Every structure is written in structure tokens, then in C-alpha cells.
>>> print(open('entry.pdb').read())   # PDB, C-alpha atoms, pLDDT in the B column
MODEL        1
ATOM      1  CA  MET H   1      40.644  11.048  14.273  1.00 90.00           C
ATOM      2  CA  LEU H   2      38.015  13.357  15.739  1.00 95.00           C
ATOM      3  CA  GLU H   3      38.957  15.691  18.593  1.00 96.00           C
ATOM      4  CA  LEU H   4      36.826  18.068  20.624  1.00 96.00           C
ATOM      5  CA  LYS H   5      39.112  20.422  22.510  1.00 96.00           C
ATOM      6  CA  ASN H   6      38.041  22.656  25.399  1.00 96.00           C
ATOM      7  CA  ILE H   7      34.460  22.912  24.140  1.00 96.00           C
ATOM      8  CA  THR H   8      32.273  25.447  25.919  1.00 96.00           C
ATOM      9  CA  LYS H   9      28.594  25.616  25.072  1.00 95.00           C
ATOM     10  CA  ILE H  10      26.194  27.918  26.905  1.00 93.00           C
ATOM     11  CA  TYR H  11      22.544  28.268  25.982  1.00 92.00           C
ATOM     12  CA  ASN H  12      20.924  31.716  26.430  1.00 91.00           C
ATOM     13  CA  PRO H  13      24.065  33.404  27.817  1.00 88.00           C
ATOM     14  CA  GLY H  14      23.339  36.408  30.016  1.00 84.00           C
ATOM     15  CA  GLU H  15      19.665  35.564  30.388  1.00 89.00           C
ATOM     16  CA  ILE H  16      17.776  34.203  33.364  1.00 92.00           C
ATOM     17  CA  THR H  17      17.473  30.884  31.516  1.00 91.00           C
ATOM     18  CA  GLU H  18      21.238  30.622  30.938  1.00 89.00           C
ATOM     19  CA  ALA H  19      22.437  27.016  31.023  1.00 90.00           C
ATOM     20  CA  CYS H  20      26.030  25.833  30.701  1.00 91.00           C
ATOM     21  CA  LEU H  21      26.060  22.533  28.863  1.00 91.00           C
ATOM     22  CA  PHE H  22      29.814  22.073  28.396  1.00 93.00           C
ATOM     23  CA  ARG H  23      32.791  23.904  29.848  1.00 94.00           C
ATOM     24  CA  ASP H  24      36.273  22.985  28.645  1.00 96.00           C
ATOM     25  CA  PHE H  25      34.964  19.607  27.469  1.00 95.00           C
ATOM     26  CA  ASN H  26      37.366  17.272  25.673  1.00 96.00           C
ATOM     27  CA  LEU H  27      36.737  14.128  23.633  1.00 95.00           C
ATOM     28  CA  SER H  28      38.866  12.063  21.260  1.00 95.00           C
ATOM     29  CA  VAL H  29      37.516   9.414  18.909  1.00 95.00           C
ATOM     30  CA  GLU H  30      40.020   7.255  17.059  1.00 95.00           C
ATOM     31  CA  ALA H  31      39.429   6.249  13.448  1.00 94.00           C
ATOM     32  CA  GLY H  32      37.367   3.057  13.238  1.00 94.00           C
ATOM     33  CA  GLU H  33      35.899   3.297  16.737  1.00 95.00           C
ATOM     34  CA  PHE H  34      32.215   2.736  17.488  1.00 96.00           C
ATOM     35  CA  VAL H  35      31.462   5.131  20.353  1.00 95.00           C
ATOM     36  CA  SER H  36      28.157   5.182  22.234  1.00 95.00           C
ATOM     37  CA  ILE H  37      26.959   8.233  24.148  1.00 94.00           C
ATOM     38  CA  VAL H  38      24.433   7.598  26.920  1.00 93.00           C
ATOM     39  CA  GLY H  39      22.794   9.964  29.385  1.00 85.00           C
ATOM     40  CA  SER H  40      19.523  11.310  30.672  1.00 82.00           C
ATOM     41  CA  ASN H  41      17.196  13.533  28.670  1.00 83.00           C
ATOM     42  CA  GLY H  42      18.517  17.069  28.505  1.00 78.00           C
ATOM     43  CA  SER H  43      22.098  16.073  29.322  1.00 82.00           C
ATOM     44  CA  GLY H  44      23.398  17.356  25.983  1.00 87.00           C
ATOM     45  CA  LYS H  45      23.758  14.200  23.905  1.00 91.00           C
ATOM     46  CA  THR H  46      22.178  15.546  20.721  1.00 92.00           C
ATOM     47  CA  SER H  47      23.786  18.953  21.314  1.00 94.00           C
ATOM     48  CA  LEU H  48      27.159  17.200  21.294  1.00 95.00           C
ATOM     49  CA  LEU H  49      26.380  15.692  17.892  1.00 94.00           C
ATOM     50  CA  ASN H  50      25.233  19.098  16.639  1.00 94.00           C
ATOM     51  CA  ILE H  51      28.514  20.636  17.802  1.00 94.00           C
ATOM     52  CA  ILE H  52      30.485  17.956  15.959  1.00 94.00           C
ATOM     53  CA  CYS H  53      28.462  18.514  12.778  1.00 92.00           C
ATOM     54  CA  GLY H  54      28.548  22.304  13.064  1.00 91.00           C
ATOM     55  CA  SER H  55      24.775  22.675  13.440  1.00 91.00           C
ATOM     56  CA  ILE H  56      25.012  24.929  16.508  1.00 92.00           C
ATOM     57  CA  PRO H  57      27.626  27.529  17.540  1.00 92.00           C
ATOM     58  CA  ILE H  58      29.912  27.210  20.546  1.00 94.00           C
ATOM     59  CA  GLN H  59      31.408  29.817  22.857  1.00 94.00           C
ATOM     60  CA  GLY H  60      34.847  28.259  23.016  1.00 94.00           C
ATOM     61  CA  GLY H  61      37.028  25.386  21.903  1.00 95.00           C
ATOM     62  CA  ASP H  62      37.570  23.616  18.607  1.00 95.00           C
ATOM     63  CA  VAL H  63      36.443  20.595  16.594  1.00 95.00           C
ATOM     64  CA  ILE H  64      39.389  18.965  14.847  1.00 95.00           C
ATOM     65  CA  ILE H  65      39.362  16.187  12.245  1.00 93.00           C
ATOM     66  CA  ASP H  66      42.683  14.592  11.308  1.00 93.00           C
ATOM     67  CA  GLY H  67      44.516  17.629  12.622  1.00 92.00           C
ATOM     68  CA  GLU H  68      42.385  20.157  10.702  1.00 93.00           C
ATOM     69  CA  SER H  69      40.165  22.634  12.524  1.00 93.00           C
ATOM     70  CA  MET H  70      36.500  22.538  11.533  1.00 92.00           C
ATOM     71  CA  LEU H  71      35.584  25.559  13.644  1.00 88.00           C
ATOM     72  CA  HIS H  72      35.052  28.011  10.805  1.00 85.00           C
ATOM     73  CA  LYS H  73      33.905  25.532   8.180  1.00 86.00           C
ATOM     74  CA  LYS H  74      30.253  25.655   7.200  1.00 85.00           C
ATOM     75  CA  GLU H  75      27.929  22.795   8.080  1.00 84.00           C
ATOM     76  CA  PHE H  76      27.610  21.552   4.502  1.00 84.00           C
ATOM     77  CA  VAL H  77      31.403  21.349   4.232  1.00 85.00           C
ATOM     78  CA  ARG H  78      31.609  19.153   7.337  1.00 87.00           C
ATOM     79  CA  TYR H  79      28.872  16.921   5.978  1.00 85.00           C
ATOM     80  CA  ARG H  80      31.133  15.909   3.116  1.00 87.00           C
ATOM     81  CA  ARG H  81      32.795  13.666   5.707  1.00 91.00           C
ATOM     82  CA  PHE H  82      29.708  12.917   7.824  1.00 92.00           C
ATOM     83  CA  GLY H  83      26.570  10.873   7.385  1.00 92.00           C
ATOM     84  CA  ARG H  84      23.787  11.251   9.934  1.00 93.00           C
ATOM     85  CA  VAL H  85      20.737   9.196  10.820  1.00 94.00           C
ATOM     86  CA  TYR H  86      18.126  10.812  13.048  1.00 92.00           C
ATOM     87  CA  GLN H  87      15.540   9.413  15.444  1.00 88.00           C
ATOM     88  CA  ASN H  88      12.878  10.797  13.107  1.00 84.00           C
ATOM     89  CA  PRO H  89      13.561   9.554   9.551  1.00 74.00           C
ATOM     90  CA  ALA H  90      11.647  12.539   8.170  1.00 76.00           C
ATOM     91  CA  LEU H  91      14.688  14.661   9.104  1.00 81.00           C
ATOM     92  CA  GLY H  92      16.977  12.649   6.853  1.00 81.00           C
ATOM     93  CA  THR H  93      14.559  11.650   4.102  1.00 88.00           C
ATOM     94  CA  SER H  94      11.732  13.222   2.142  1.00 89.00           C
ATOM     95  CA  PRO H  95       8.436  11.399   2.873  1.00 90.00           C
ATOM     96  CA  ASN H  96       6.718  12.799  -0.229  1.00 92.00           C
ATOM     97  CA  LEU H  97       9.371  11.499  -2.627  1.00 90.00           C
ATOM     98  CA  THR H  98       9.782   7.888  -3.695  1.00 90.00           C
ATOM     99  CA  MET H  99      12.600   5.710  -2.452  1.00 88.00           C
ATOM    100  CA  PHE H 100      14.309   6.043  -5.826  1.00 88.00           C
ATOM    101  CA  GLU H 101      14.101   9.832  -5.679  1.00 88.00           C
ATOM    102  CA  ASN H 102      15.440   9.869  -2.109  1.00 89.00           C
ATOM    103  CA  LEU H 103      18.335   7.602  -3.043  1.00 87.00           C
ATOM    104  CA  SER H 104      19.121   9.729  -6.084  1.00 85.00           C
ATOM    105  CA  LEU H 105      19.350  12.831  -3.920  1.00 85.00           C
ATOM    106  CA  ALA H 106      21.616  11.059  -1.425  1.00 85.00           C
ATOM    107  CA  ASP H 107      23.831   9.699  -4.196  1.00 82.00           C
ATOM    108  CA  ASN H 108      24.385  13.235  -5.467  1.00 78.00           C
ATOM    109  CA  LYS H 109      25.374  14.791  -2.134  1.00 74.00           C
ATOM    110  CA  GLY H 110      28.017  17.433  -2.663  1.00 63.00           C
ATOM    111  CA  LYS H 111      27.938  17.389  -6.453  1.00 61.00           C
ATOM    112  CA  ALA H 112      25.828  18.452  -9.412  1.00 57.00           C
ATOM    113  CA  TYR H 113      22.603  16.473  -9.667  1.00 56.00           C
ATOM    114  CA  ASP H 114      22.993  13.524 -12.020  1.00 58.00           C
ATOM    115  CA  LEU H 115      20.694  10.547 -12.582  1.00 54.00           C
ATOM    116  CA  SER H 116      23.133   8.740 -14.865  1.00 53.00           C
ATOM    117  CA  ARG H 117      23.593   5.796 -12.483  1.00 59.00           C
ATOM    118  CA  GLY H 118      19.830   5.314 -12.617  1.00 64.00           C
ATOM    119  CA  ALA H 119      17.450   2.763 -11.228  1.00 74.00           C
ATOM    120  CA  ASN H 120      19.784  -0.226 -11.434  1.00 77.00           C
ATOM    121  CA  HIS H 121      22.264   1.328  -9.047  1.00 75.00           C
ATOM    122  CA  ALA H 122      19.498   2.282  -6.619  1.00 80.00           C
ATOM    123  CA  ARG H 123      18.059  -1.233  -6.807  1.00 84.00           C
ATOM    124  CA  GLU H 124      21.477  -2.736  -6.041  1.00 83.00           C
ATOM    125  CA  GLN H 125      21.862  -0.467  -3.026  1.00 81.00           C
ATOM    126  CA  LEU H 126      18.446  -1.412  -1.663  1.00 85.00           C
ATOM    127  CA  ALA H 127      19.085  -5.114  -2.294  1.00 85.00           C
ATOM    128  CA  SER H 128      22.199  -4.861  -0.122  1.00 83.00           C
ATOM    129  CA  LEU H 129      19.931  -4.203   2.869  1.00 83.00           C
ATOM    130  CA  GLY H 130      18.400  -7.649   2.552  1.00 83.00           C
ATOM    131  CA  LEU H 131      14.895  -6.373   3.331  1.00 83.00           C
ATOM    132  CA  GLY H 132      13.244  -6.847  -0.066  1.00 84.00           C
ATOM    133  CA  LEU H 133      12.928  -3.097  -0.652  1.00 86.00           C
ATOM    134  CA  GLU H 134      14.522  -3.219  -4.113  1.00 86.00           C
ATOM    135  CA  ASP H 135      11.122  -4.026  -5.658  1.00 86.00           C
ATOM    136  CA  LYS H 136       9.420  -1.061  -3.992  1.00 86.00           C
ATOM    137  CA  MET H 137      11.445   1.836  -5.373  1.00 86.00           C
ATOM    138  CA  ASP H 138       8.385   3.713  -6.607  1.00 90.00           C
ATOM    139  CA  ILE H 139       6.763   3.739  -3.163  1.00 90.00           C
ATOM    140  CA  LYS H 140       6.903   7.044  -1.314  1.00 92.00           C
ATOM    141  CA  MET H 141       9.123   7.072   1.750  1.00 91.00           C
ATOM    142  CA  GLY H 142       6.255   8.163   3.962  1.00 90.00           C
ATOM    143  CA  ALA H 143       4.388   4.942   3.186  1.00 92.00           C
ATOM    144  CA  LEU H 144       7.137   2.689   4.571  1.00 90.00           C
ATOM    145  CA  SER H 145       7.227   1.290   8.081  1.00 88.00           C
ATOM    146  CA  GLY H 146       9.470   2.943  10.653  1.00 88.00           C
ATOM    147  CA  GLY H 147      12.086   0.219  10.383  1.00 89.00           C
ATOM    148  CA  GLN H 148      12.109   0.316   6.585  1.00 89.00           C
ATOM    149  CA  ARG H 149      12.487   4.094   6.612  1.00 91.00           C
ATOM    150  CA  GLN H 150      15.400   3.914   9.040  1.00 91.00           C
ATOM    151  CA  ALA H 151      17.077   1.233   6.939  1.00 91.00           C
ATOM    152  CA  VAL H 152      16.803   3.452   3.854  1.00 91.00           C
ATOM    153  CA  ALA H 153      17.941   6.497   5.858  1.00 92.00           C
ATOM    154  CA  LEU H 154      21.018   4.530   6.950  1.00 92.00           C
ATOM    155  CA  LEU H 155      21.708   3.605   3.345  1.00 90.00           C
ATOM    156  CA  MET H 156      21.285   7.195   2.200  1.00 90.00           C
ATOM    157  CA  ALA H 157      23.657   8.478   4.901  1.00 92.00           C
ATOM    158  CA  THR H 158      26.425   6.165   3.694  1.00 92.00           C
ATOM    159  CA  MET H 159      25.960   6.131  -0.098  1.00 86.00           C
ATOM    160  CA  THR H 160      28.722   8.661  -0.753  1.00 86.00           C
ATOM    161  CA  PRO H 161      32.217   8.228   0.715  1.00 89.00           C
ATOM    162  CA  ILE H 162      32.255   9.454   4.326  1.00 92.00           C
ATOM    163  CA  ASP H 163      34.465   8.967   7.367  1.00 94.00           C
ATOM    164  CA  PHE H 164      32.008   9.403  10.234  1.00 96.00           C
ATOM    165  CA  LEU H 165      28.519   8.029  10.793  1.00 96.00           C
ATOM    166  CA  ILE H 166      26.480  10.016  13.330  1.00 96.00           C
ATOM    167  CA  LEU H 167      23.571   8.072  14.853  1.00 96.00           C
ATOM    168  CA  ASP H 168      21.135  10.201  16.830  1.00 94.00           C
ATOM    169  CA  GLU H 169      18.938   7.696  18.721  1.00 93.00           C
ATOM    170  CA  HIS H 170      18.123   6.111  15.374  1.00 93.00           C
ATOM    171  CA  THR H 171      16.404   3.079  16.944  1.00 92.00           C
ATOM    172  CA  ALA H 172      14.496   4.876  19.721  1.00 90.00           C
ATOM    173  CA  ALA H 173      11.173   5.018  17.859  1.00 87.00           C
ATOM    174  CA  LEU H 174      11.227   1.371  16.781  1.00 89.00           C
ATOM    175  CA  ASP H 175       9.851  -1.755  18.411  1.00 90.00           C
ATOM    176  CA  PRO H 176      12.522  -3.998  20.041  1.00 91.00           C
ATOM    177  CA  LYS H 177      12.702  -6.559  17.225  1.00 89.00           C
ATOM    178  CA  THR H 178      12.958  -3.936  14.502  1.00 89.00           C
ATOM    179  CA  ALA H 179      15.492  -1.978  16.556  1.00 91.00           C
ATOM    180  CA  ASP H 180      17.681  -5.080  16.801  1.00 92.00           C
ATOM    181  CA  THR H 181      17.454  -5.516  13.024  1.00 90.00           C
ATOM    182  CA  ILE H 182      18.468  -1.909  12.384  1.00 91.00           C
ATOM    183  CA  MET H 183      21.358  -2.144  14.854  1.00 93.00           C
ATOM    184  CA  ALA H 184      22.676  -5.310  13.206  1.00 93.00           C
ATOM    185  CA  LEU H 185      22.408  -3.570   9.830  1.00 91.00           C
ATOM    186  CA  THR H 186      24.160  -0.498  11.232  1.00 94.00           C
ATOM    187  CA  ASP H 187      27.021  -2.599  12.562  1.00 95.00           C
ATOM    188  CA  ARG H 188      27.394  -4.337   9.205  1.00 92.00           C
ATOM    189  CA  VAL H 189      27.486  -1.071   7.263  1.00 92.00           C
ATOM    190  CA  VAL H 190      30.006   0.473   9.674  1.00 95.00           C
ATOM    191  CA  ARG H 191      32.327  -2.517   9.388  1.00 94.00           C
ATOM    192  CA  GLU H 192      32.005  -2.964   5.627  1.00 92.00           C
ATOM    193  CA  LYS H 193      32.685   0.705   4.926  1.00 92.00           C
ATOM    194  CA  GLY H 194      35.328   1.137   7.634  1.00 95.00           C
ATOM    195  CA  LEU H 195      33.510   4.042   9.277  1.00 96.00           C
ATOM    196  CA  THR H 196      33.945   5.749  12.610  1.00 96.00           C
ATOM    197  CA  ALA H 197      30.551   5.697  14.367  1.00 96.00           C
ATOM    198  CA  ILE H 198      29.242   7.934  17.135  1.00 96.00           C
ATOM    199  CA  MET H 199      25.875   6.822  18.470  1.00 96.00           C
ATOM    200  CA  VAL H 200      23.527   8.434  20.982  1.00 95.00           C
ATOM    201  CA  THR H 201      21.341   5.811  22.622  1.00 93.00           C
ATOM    202  CA  HIS H 202      19.277   5.072  25.714  1.00 91.00           C
ATOM    203  CA  ASN H 203      19.735   1.347  25.167  1.00 90.00           C
ATOM    204  CA  LEU H 204      22.550   0.229  27.451  1.00 90.00           C
ATOM    205  CA  ARG H 205      22.686  -3.198  25.795  1.00 92.00           C
ATOM    206  CA  TYR H 206      23.460  -1.596  22.458  1.00 92.00           C
ATOM    207  CA  ALA H 207      26.085   0.628  24.081  1.00 92.00           C
ATOM    208  CA  VAL H 208      27.887  -2.445  25.422  1.00 92.00           C
ATOM    209  CA  GLU H 209      27.334  -4.765  22.460  1.00 90.00           C
ATOM    210  CA  TYR H 210      28.353  -2.387  19.650  1.00 89.00           C
ATOM    211  CA  ARG H 211      31.806  -0.975  20.172  1.00 80.00           C
TER
ENDMDL
END
>>> encode(input="entry.pdb", output="C-alpha cells")
Amino acid sequence: MLELKNITKIYNPGEITEACLFRDFNLSVEAGEFVSIVGSNGSGKTSLLNIICGSIPIQGGDVIIDGESMLHKKEFVRYRRFGRVYQNPALGTSPNLTMFENLSLADNKGKAYDLSRGANHAREQLASLGLGLEDKMDIKMGALSGGQRQAVALLMATMTPIDFLILDEHTAALDPKTADTIMALTDRVVREKGLTAIMVTHNLRYAVEYR
């Protein structure tokens, strides 16, 4: 279970540009839920995800996972339980490395780098996407289409055991057909791995359909 308790977040406190984003904000997400966050630009959707992941500081409150406070835990420690897919796949992948190299990095998150599982394991992971990418492992990530990159980014975010999948408008830059494909893939991965998903989206249909 994820709990945000009495969160207060103020940007530029004490300055003329001071803006209070959250004051005593509370949110609870039960294990296994698929929660969608919708709102206008600048309403704090991505900031909320950053607070959960520990990417930005807060002025008050606490982030609690299964009864344990995350407030003073470093970002990389929180990410042992989180996977995150961004709107821009370049933030979650390395465009100048091949798919195999990207997958190898993701597979070694939180541990000493080890290539012992090799190409066969990476090929099996890519084949599970059902997009025919398993025969393109030597292609650099930057050469893939937007949908292919997001599919691989989703795979990379969930390769190691995690509890929470954070989706930051991960279909916003895709055409409608590709976005539908990525959402169906996302739903499948979440269900197969038993994850708790928190998704920021502007697509109200997705917010209603995936829950």
C-alpha cells in the first residue's frame, strides 16, 4: 500500500513566484490498483509522481509504503520498488546504446553489473512483447519508432522485481493506434506481474478503461 500523508509542496517559497502545489494533501493507493491521474497542464501531476519517487523535496508530510516511511530514503533506494516510464523514452533509455545493452543495464538495476544471462534472456524478454523486436537487438534505441521505444522502456522498467509501476504520460507522444497498443501492453504487464500502477494521462478513455 502506498500512502501520501499531509503532503505540502511549495515551489520557490518566499519569492515573488511562490506557488503552493499541495497543502496537507492525502492519497492512498491499495496494492494491485491501477490509478489514473488526470488534470490540466501545470496542475502538479508529474510533480506528484516525483514526490512519490523522491525526485523532488517536500515541505511537509510523508510518503509511506507498506507502513514504512520513505521520507528520508534516497531516490535510488525507492527505485528498488519502482519502475517508471516517461513520456520521452530518452529519459528511461539510452538512445546511443543498442536494445541489448539497454536491457542489460535494466536487468542489473540495483546490483553489480553482470552479463551472465546474456543475449538469450534479452531475446526472450523482447519476444514477450509480441512486436518482433527480438531479432533487432543490435539496433540502437534511438533508431526505433516511438512506439517500439516505449514498449522497450516498459519492459526495462519491469525487468527486475518491483511493486509499483509509474507511468508519466507514456502514450502522449504516440499516434492513437500505437498508443492503444502500448496501453494494452501496459495492462498486460501490470496484470501478469501483479503490479500497482499509477498513471498520469490526458486521455480520459484510458483513465476509465484501465483501472
>>> atom_distance(input="entry.pdb", atom1="CA of Leu91 in chain H", atom2="CA of Glu68 in chain H")
28.3 Å
>>> resolve_selection(input="entry.pdb", expression="the PyMOL selection byres ((chain H and resi 81) around 8)", output="count of residues only")
10
>>> atom_distance(input="entry.pdb", atom1="CA of Leu2 in chain H", atom2="CA of Ala31 in chain H")
7.6 Å
>>> resolve_selection(input="entry.pdb", expression="the PyMOL selection byres ((chain H and resi 120-132) around 9)", output="ChimeraX atom specification")
/H:99-100,103-104,107,117-119,133-137,148,151-152,155,159,185
>>> write_last_selection(input="entry.pdb", atoms="C-alpha atoms", output="tab-separated table (two decimals), keeping the file's coordinate frame")
chain	number	residue	atom	x	y	z
H	99	MET	CA	12.60	5.71	-2.45
H	100	PHE	CA	14.31	6.04	-5.83
H	103	LEU	CA	18.34	7.60	-3.04
H	104	SER	CA	19.12	9.73	-6.08
H	107	ASP	CA	23.83	9.70	-4.20
H	117	ARG	CA	23.59	5.80	-12.48
H	118	GLY	CA	19.83	5.31	-12.62
H	119	ALA	CA	17.45	2.76	-11.23
H	133	LEU	CA	12.93	-3.10	-0.65
H	134	GLU	CA	14.52	-3.22	-4.11
H	135	ASP	CA	11.12	-4.03	-5.66
H	136	LYS	CA	9.42	-1.06	-3.99
H	137	MET	CA	11.44	1.84	-5.37
H	148	GLN	CA	12.11	0.32	6.58
H	151	ALA	CA	17.08	1.23	6.94
H	152	VAL	CA	16.80	3.45	3.85
H	155	LEU	CA	21.71	3.60	3.34
H	159	MET	CA	25.96	6.13	-0.10
H	185	LEU	CA	22.41	-3.57	9.83
>>> resolve_selection(input="entry.pdb", expression="the PyMOL selection byres ((chain H and resi 201) around 10)", output="compact mmCIF listing (two decimals) with C-alpha atoms, in the coordinates of the input")
# COMPACT_ATOMS: atom_id res chain seq x y z
CA SER H 36 28.16 5.18 22.23
CA ILE H 37 26.96 8.23 24.15
CA VAL H 38 24.43 7.60 26.92
CA GLY H 39 22.79 9.96 29.38
CA SER H 40 19.52 11.31 30.67
CA LYS H 45 23.76 14.20 23.90
CA THR H 46 22.18 15.55 20.72
CA GLN H 87 15.54 9.41 15.44
CA LEU H 167 23.57 8.07 14.85
CA ASP H 168 21.14 10.20 16.83
CA GLU H 169 18.94 7.70 18.72
CA HIS H 170 18.12 6.11 15.37
CA THR H 171 16.40 3.08 16.94
CA ALA H 172 14.50 4.88 19.72
CA ILE H 198 29.24 7.93 17.14
CA MET H 199 25.88 6.82 18.47
CA VAL H 200 23.53 8.43 20.98
CA HIS H 202 19.28 5.07 25.71
CA ASN H 203 19.74 1.35 25.17
CA LEU H 204 22.55 0.23 27.45
CA ARG H 205 22.69 -3.20 25.80
CA TYR H 206 23.46 -1.60 22.46
CA ALA H 207 26.08 0.63 24.08
